[in-house]
Structure formats: C-alpha cells, structure tokens
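Everything on this sheet refers to the single structure shown next.
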Amino acid sequence: MLTESEPTLNCCPDAPERIILQGAWIAHRLAKGQRLAEIQSTLNNLRQQPGRIWDLRELVGLDHLGAQLLWRSWGRKLPDQILCTEQHEGLFLRLSQLHPEHYPPPVKARLTPLMQLGNSVITFFRHASDMAVLLGQLVIDLLQFMRHPLRGPWKEISANIYRMGAQAMGITALVGILIGIVLSYLSAQQLRTFGGDLFIVNILGMSIIRELGPMLAAILVAGRSGSAITAQLGVMRVTEELDAMRVMGIPHGFRLIMPKVLALAIAMPLIVIWTDLMALAGGMISAQALLGMTPEFFIYKLPEAVPILNYWIGLLKGVTFGILIALIACHFGLRIEPNTESLGKGTTSSVVSAITLVIIADAIFAIIFSKVGY
C-alpha cells in the first residue's frame, strides 16, 4: 500500500523551470488545515509563468480534487511539457471530456400553447379512463365480497374505519364548533336588526345539516384521510410492496382499494352526524350569548325549522363524498412512480382533486334536490 504524505509543489533546484509535485494530492490530504489554500495560491502564481515543465511522476496519489486543481490552473488543457504516468493522463482525459463546451445544449420546449392544451386534454381522459377501470374493478370486488363475505378483508375494513372515522372526531369537532359559533354570530347580528331572532334556528339548522356539515366533514377527511391513503399506496409503490403482492397473487383491489372505499362510505355519514352536532352546539352557545336563546328552546324549534328529509340528504352526501374521496386517493396512489418527487406531487394532486370533486358533487346535489326538503 502506498504511504500517503503531504501534498507539495516545489521547483527543482537544478532546473528552476521544472515543477515537481510530490505526496498525495487527494481530498482529505488537501483539505487538512490551510494546505488547499496554499497550493491554490501557488498555482495561481505559476499560471502567470508559461514554459514550465510539470513533473507528476513522484506523486503517490492523485484523485479528482487534486486533478481539478491542476486542470484549472493549466487553463483546462494539458501544458506543452508534462511528465506523468498513463493513469494521470487518463484522469486528465476524463476531465477534458467534462468541459462545459462539450455539454449538450439545453433542450427548448417544443410544445406550443395549443399542443399543451391538447396534452392536458389527453391527460384528463387518461385519468378518466383509469378511474373507470378502478371503479369497474371495485364493482367486481364488491360482488366477490358479497358472494363470499367470510373471506372478506374485515380486519382491513375495521382498521380503516377506526383510522378514518374515530381518529378524525377531534379535528371535525373543533372545526364544527368554531363554524357554528361564527355562523351564529354573523346571523344574529343581522337578525337582531330586523327583529327576527327566532329565525336563527332555521338558518343554522338548514345550512349546517344540509350543506355545511357534509361539506366541512368531506374537506377535512379529504385533507386528512385522502392524503394518508395516497401516501400509503405511494410508499408501497416506492418500497415495491405492490409488486410483491402481485407476485404472491394478492389482488390490490380486493385487499387495498375495496376496504378503504367501504370504510369511508361507512365512516363519512357518522362523521357528518358528529360534525352537525358539534356545529349546532357551537351555534347554540353563540345564540344564547348574543340573543339570550336557551339551548332547550333551540332544540325544541329545530325539528320544526328543518324537515327530516334534509337530514337524509346530508347523510347521502356523506356516503357519496366518502366514496369519491377514497376512489380519488387510491387512483393517485396507484399512479405514483417509485421516487419521492412523484410521491409529493401525487399526494398534493389527490387532495386538490378530491376537494374539487366534492364541491362539484355538492353543486350537483344542490341542483337535483333544489325543490326537496323546504
């Protein structure tokens, strides 16, 4: 093994034009103390003196860091007079191939605005096609589950209901109470002006039970559980667990997709009920503080102000929103490529798409049931 020594750079006493390099010109030797700065300063001075003979034959080690120092001091080309080994020549040859002039020019974007629009349309239809395939596979898995219920993934369904439903009660309760207080406070300010204090029950009941409760629950679940589903499937893609399941003959749809869709379809209506109760409780607190309306009177007037059909519409929205969120989260999770950048983009796209489709679905519900429940 070669003995590593300190890198040195000296002029030969017998021939001052000859520069002798000795020692180990390697990274950890050059980085020791101020050695790198001293050698760099000496090389800068020698750069102004052409006609030197560079003797590298006494070097005991030369890596890319040492070679880069010499290469830059030589003006990115070999000097006219150099004495070195074949290994050193090969190292400098590789450095010459990395010269910026040999880098390929940056590729310019060739897509015109019209082509970019076409690409976006094609991407949309690809997503729609994959979603249709996912939905069809879900129907097949549900039929298989109904034929053989004892072989179904009950543990996965139960675990997903707990993670997506029970563990989401805290954040939904907090947001529900705050929204109820804010809505009641703003409504009370206007109703008190016109002497319509009693109508605060109608405003809170209809807006929370029919619209805000399901919408708030869906947005929170999309941001919380939807992102978790996408990230889980994405990590399974990165760690090749999905490929391992396919090799072992375990279907992704029956063991991964269907349990999550069923769990959210069951948990979402329960979360909607919980969010409605918390929002109405916050509204009652604010109504009592601002208008002096007792909670007993609020609860007594609520069934008269809000027909029971609105309650069922809210639960139907919860089931629909839960299925949409689960399908979108699984869709983007299965499309993630085995790298961390794709995982981040897929999770973001999943949450944004889920919230957007939930709002679109709510608008469709509003149109369909525009003359129902009033």
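By order of appearance in the structure tokens: chains A, B, ..., then residues from 1 within every chain, and ligands from 1 in the order shown.
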> Which parts of stretch 48-89 of chain A does DSSP call strand (DSSP E or B) when run on the backbone here, written out as a ChimeraX atom specification?
Replying inline: /A:53-55,59-62,82-83
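When only C-alpha atoms are used to measure the gap to A:Leu220, the shortest distance among A:Ile313, A:Ile308, A:Met284, A:Ile171 belongs to A:Ile171.
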Go through stretch 58-136 of chain A residue by residue and, counting only C-alpha atoms, keep those with an atom at most 8 Å from stretch 23-26 of chain A; for each kept residue give the shortest atom pair and its distance in Å to one decimal, ordered by chain and increasing number, as CSV.
residue,atom,partner,partner_atom,distance
A:Glu58,CA,A:Gly23,CA,7.4
A:Leu59,CA,A:Gly23,CA,5.3
A:Val60,CA,A:Ala24,CA,5.2
A:Gly61,CA,A:Ala24,CA,4.3
A:Leu62,CA,A:Trp25,CA,4.8
A:Asp63,CA,A:Ile26,CA,5.1
A:His64,CA,A:Ile26,CA,7.6
A:Leu65,CA,A:Ile26,CA,6.5
A:Gly66,CA,A:Trp25,CA,5.0
A:Ala67,CA,A:Trp25,CA,8.0
Need to verify the contact set: A:Cys12, 12 Å, only C-alpha atoms, exclusion of same-chain residues closer than 2 positions in sequence. Can you return it as a compact mmCIF listing (two decimals) with N, CA and C atoms, in the first residue's frame?
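Contents of part38.txt, freshly written:
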# COMPACT_ATOMS: atom_id res chain seq x y z
N LEU A 9 4.43 21.15 -3.69
CA LEU A 9 4.61 21.72 -5.03
C LEU A 9 5.87 22.58 -4.97
N ASN A 10 6.99 22.09 -5.58
CA ASN A 10 8.28 22.76 -5.45
C ASN A 10 8.97 22.86 -6.81
N ASP A 14 18.03 22.25 -9.55
CA ASP A 14 18.92 22.23 -10.71
C ASP A 14 18.26 22.87 -11.94
N ALA A 15 16.93 22.79 -12.04
CA ALA A 15 16.21 23.36 -13.19
C ALA A 15 15.00 24.12 -12.67
N PRO A 16 15.12 25.44 -12.46
CA PRO A 16 14.02 26.21 -11.85
C PRO A 16 12.73 26.16 -12.66
N GLU A 17 12.81 25.89 -13.98
CA GLU A 17 11.59 25.86 -14.78
C GLU A 17 10.80 24.55 -14.58
N ARG A 18 11.39 23.62 -13.84
CA ARG A 18 10.74 22.31 -13.63
C ARG A 18 10.00 22.34 -12.28
N ILE A 19 8.70 22.04 -12.35
CA ILE A 19 7.85 21.99 -11.15
C ILE A 19 7.62 20.53 -10.77
N ILE A 20 8.02 20.18 -9.56
CA ILE A 20 7.90 18.80 -9.10
C ILE A 20 6.74 18.71 -8.09
N LEU A 21 5.83 17.81 -8.37
CA LEU A 21 4.71 17.55 -7.47
C LEU A 21 4.98 16.26 -6.73
N GLN A 22 4.83 16.30 -5.41
CA GLN A 22 5.10 15.14 -4.58
C GLN A 22 3.96 14.96 -3.58
N ARG A 52 6.74 26.27 -18.18
CA ARG A 52 7.15 25.40 -17.08
C ARG A 52 7.04 23.93 -17.50
N ILE A 53 7.87 23.12 -16.86
CA ILE A 53 7.82 21.66 -17.05
C ILE A 53 7.19 21.07 -15.79
N TRP A 54 6.07 20.38 -15.96
CA TRP A 54 5.33 19.81 -14.83
C TRP A 54 5.67 18.33 -14.70
N ASP A 55 6.23 17.98 -13.55
CA ASP A 55 6.67 16.60 -13.30
C ASP A 55 5.74 16.00 -12.24
>> Report, in Å with one decimal, the straight-line distance from atom CA of A:Ser353 to atom CA of A:Asn119.
In response: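 Taking atom CA of A:Ser353 as the start and atom CA of A:Asn119 as the end point, the length is 18.3 Å.
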Per-residue nearest contacts of stretch 321-342 of chain A to stretch 355-364 of chain A (9 Å; only C-alpha atoms) as CSV:
residue,atom,partner,partner_atom,distance
A:Phe321,CA,A:Val358,CA,6.1
A:Leu324,CA,A:Val358,CA,7.4
A:Ile325,CA,A:Val358,CA,7.8
> Which residue gives the smallest distance to A:Tyr185 among A:Leu36, A:Leu212, A:Leu204, A:Leu83, with only C-alpha atoms counted?
Replying inline: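 Ranked by minimum distance to A:Tyr185, first place goes to A:Leu204.
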>> If you run DSSP on the backbone here, which positions in stretch 127-275 of chain A get alpha helix (DSSP H)? Please write them as a ChimeraX atom specification.
In response: /A:127-147,154-164,169-194,200-206,213-221,227-238,241-247,252,258-275
>> Residues within 10 Å of A:Leu95, please, as a PyMOL selection string. Count only C-alpha atoms; anything in the same chain fewer than 6 positions from it doesn't count.
In response: chain A and resi 64+67-68+71+76-77+89
Where does stretch 140-177 of chain A meet stretch 269-275 of chain A within 7 Å, residue by residue, with the nearest atom pair and distance in Å to one decimal for each, counting only C-alpha atoms, listed by chain and rising number, as JSON lines?
{"residue": "A:Gly165", "atom": "CA", "partner": "A:Ile271", "partner_atom": "CA", "distance": 6.5}
{"residue": "A:Thr172", "atom": "CA", "partner": "A:Thr275", "partner_atom": "CA", "distance": 5.9}
{"residue": "A:Ala173", "atom": "CA", "partner": "A:Thr275", "partner_atom": "CA", "distance": 5.9}
{"residue": "A:Gly176", "atom": "CA", "partner": "A:Thr275", "partner_atom": "CA", "distance": 5.4}
Selection above as a file: N, CA, C and O atoms, as an mmCIF file, in the first residue's frame:
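The result, stored in result-v3.cif:
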data_model
loop_
_atom_site.group_PDB
_atom_site.id
_atom_site.type_symbol
_atom_site.label_atom_id
_atom_site.label_comp_id
_atom_site.auth_asym_id
_atom_site.auth_seq_id
_atom_site.Cartn_x
_atom_site.Cartn_y
_atom_site.Cartn_z
ATOM 1 N N GLY A 165 -62.377 7.336 10.670
ATOM 2 C CA GLY A 165 -63.563 7.828 11.350
ATOM 3 C C GLY A 165 -63.317 8.258 12.775
ATOM 4 O O GLY A 165 -63.407 9.441 13.116
ATOM 5 N N THR A 172 -62.723 17.318 13.484
ATOM 6 C CA THR A 172 -64.045 17.690 12.972
ATOM 7 C C THR A 172 -64.880 18.365 14.050
ATOM 8 O O THR A 172 -65.654 19.286 13.749
ATOM 9 N N ALA A 173 -64.742 17.928 15.301
ATOM 10 C CA ALA A 173 -65.479 18.571 16.386
ATOM 11 C C ALA A 173 -65.016 20.011 16.584
ATOM 12 O O ALA A 173 -65.832 20.933 16.742
ATOM 13 N N GLY A 176 -66.154 22.093 13.592
ATOM 14 C CA GLY A 176 -67.608 22.228 13.620
ATOM 15 C C GLY A 176 -68.078 23.241 14.639
ATOM 16 O O GLY A 176 -68.940 24.086 14.357
#
Per residue of stretch 323-346 of chain A within 9 Å of stretch 122-144 of chain A, what are the shortest atom pair and its distance in Å to one decimal, counting only C-alpha atoms, with rows by chain and residue number, as CSV?
residue,atom,partner,partner_atom,distance
A:Leu327,CA,A:Leu135,CA,7.7
A:Ile328,CA,A:Met131,CA,7.9
A:Cys330,CA,A:Leu134,CA,8.7
A:His331,CA,A:Met131,CA,6.6
> Quick one: of A:Gly226, A:Leu290, A:Arg246, A:Gln232, who's nearest to A:Ile200, counting only C-alpha atoms?
Replying inline: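 For A:Ile200, the nearest of the given residues is A:Leu290.
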> Interatomic distance between atom CA of A:Gly344 and atom CA of A:Ala222?
Replying inline: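 Distance reported for this atom pair: 15.7 Å.
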Restrict the calculation to only C-alpha atoms, then for each residue of stretch 309-370 of chain A with any atom at most 9 Å from an atom of stretch 235-239 of chain A give the closest atom pair and their distance in Å to one decimal, rows by chain and rising residue number, as a tab-separated table.
residue	atom	partner	partner_atom	distance
A:Gly333	CA	A:Arg237	CA	8.3
A:Leu334	CA	A:Arg237	CA	7.5
A:Arg335	CA	A:Arg237	CA	8.9
A:Ile336	CA	A:Arg237	CA	7.0
A:Glu337	CA	A:Arg237	CA	6.9
A:Pro338	CA	A:Val238	CA	4.1
A:Asn339	CA	A:Val238	CA	6.2
A:Thr340	CA	A:Val238	CA	7.9
A:Leu343	CA	A:Val235	CA	7.6
Could you save those same residues with N, CA and C atoms as a CSV table (one decimal), in the first residue's frame?
chain,number,residue,atom,x,y,z
A,333,GLY,N,-52.8,7.3,-5.7
A,333,GLY,CA,-51.8,6.5,-5.0
A,333,GLY,C,-51.2,5.4,-5.9
A,334,LEU,N,-52.1,4.8,-6.7
A,334,LEU,CA,-51.6,3.7,-7.6
A,334,LEU,C,-50.8,4.3,-8.8
A,335,ARG,N,-50.9,5.6,-9.1
A,335,ARG,CA,-50.2,6.2,-10.2
A,335,ARG,C,-48.8,6.7,-9.8
A,336,ILE,N,-48.5,6.7,-8.6
A,336,ILE,CA,-47.2,7.2,-8.1
A,336,ILE,C,-46.1,6.4,-8.6
A,337,GLU,N,-45.0,7.0,-9.1
A,337,GLU,CA,-43.9,6.3,-9.5
A,337,GLU,C,-42.9,6.1,-8.3
A,338,PRO,N,-42.0,5.2,-8.5
A,338,PRO,CA,-41.1,4.9,-7.3
A,338,PRO,C,-40.0,5.9,-7.1
A,339,ASN,N,-40.4,7.1,-6.8
A,339,ASN,CA,-39.5,8.2,-6.4
A,339,ASN,C,-40.2,9.2,-5.5
A,340,THR,N,-39.5,9.9,-4.6
A,340,THR,CA,-40.1,10.7,-3.6
A,340,THR,C,-40.7,12.0,-4.3
A,343,LEU,N,-44.1,11.1,-5.2
A,343,LEU,CA,-45.0,10.9,-4.1
A,343,LEU,C,-45.6,12.2,-3.6
>> Applying 10 Å and only C-alpha atoms, which residues near stretch 180-182 of chain A remain after dropping the ones on its own chain fewer than 4 positions away? List them as number ranges by chain.
In response: A: 175-176, 186-188, 204, 207-208, 212-213, 275-287
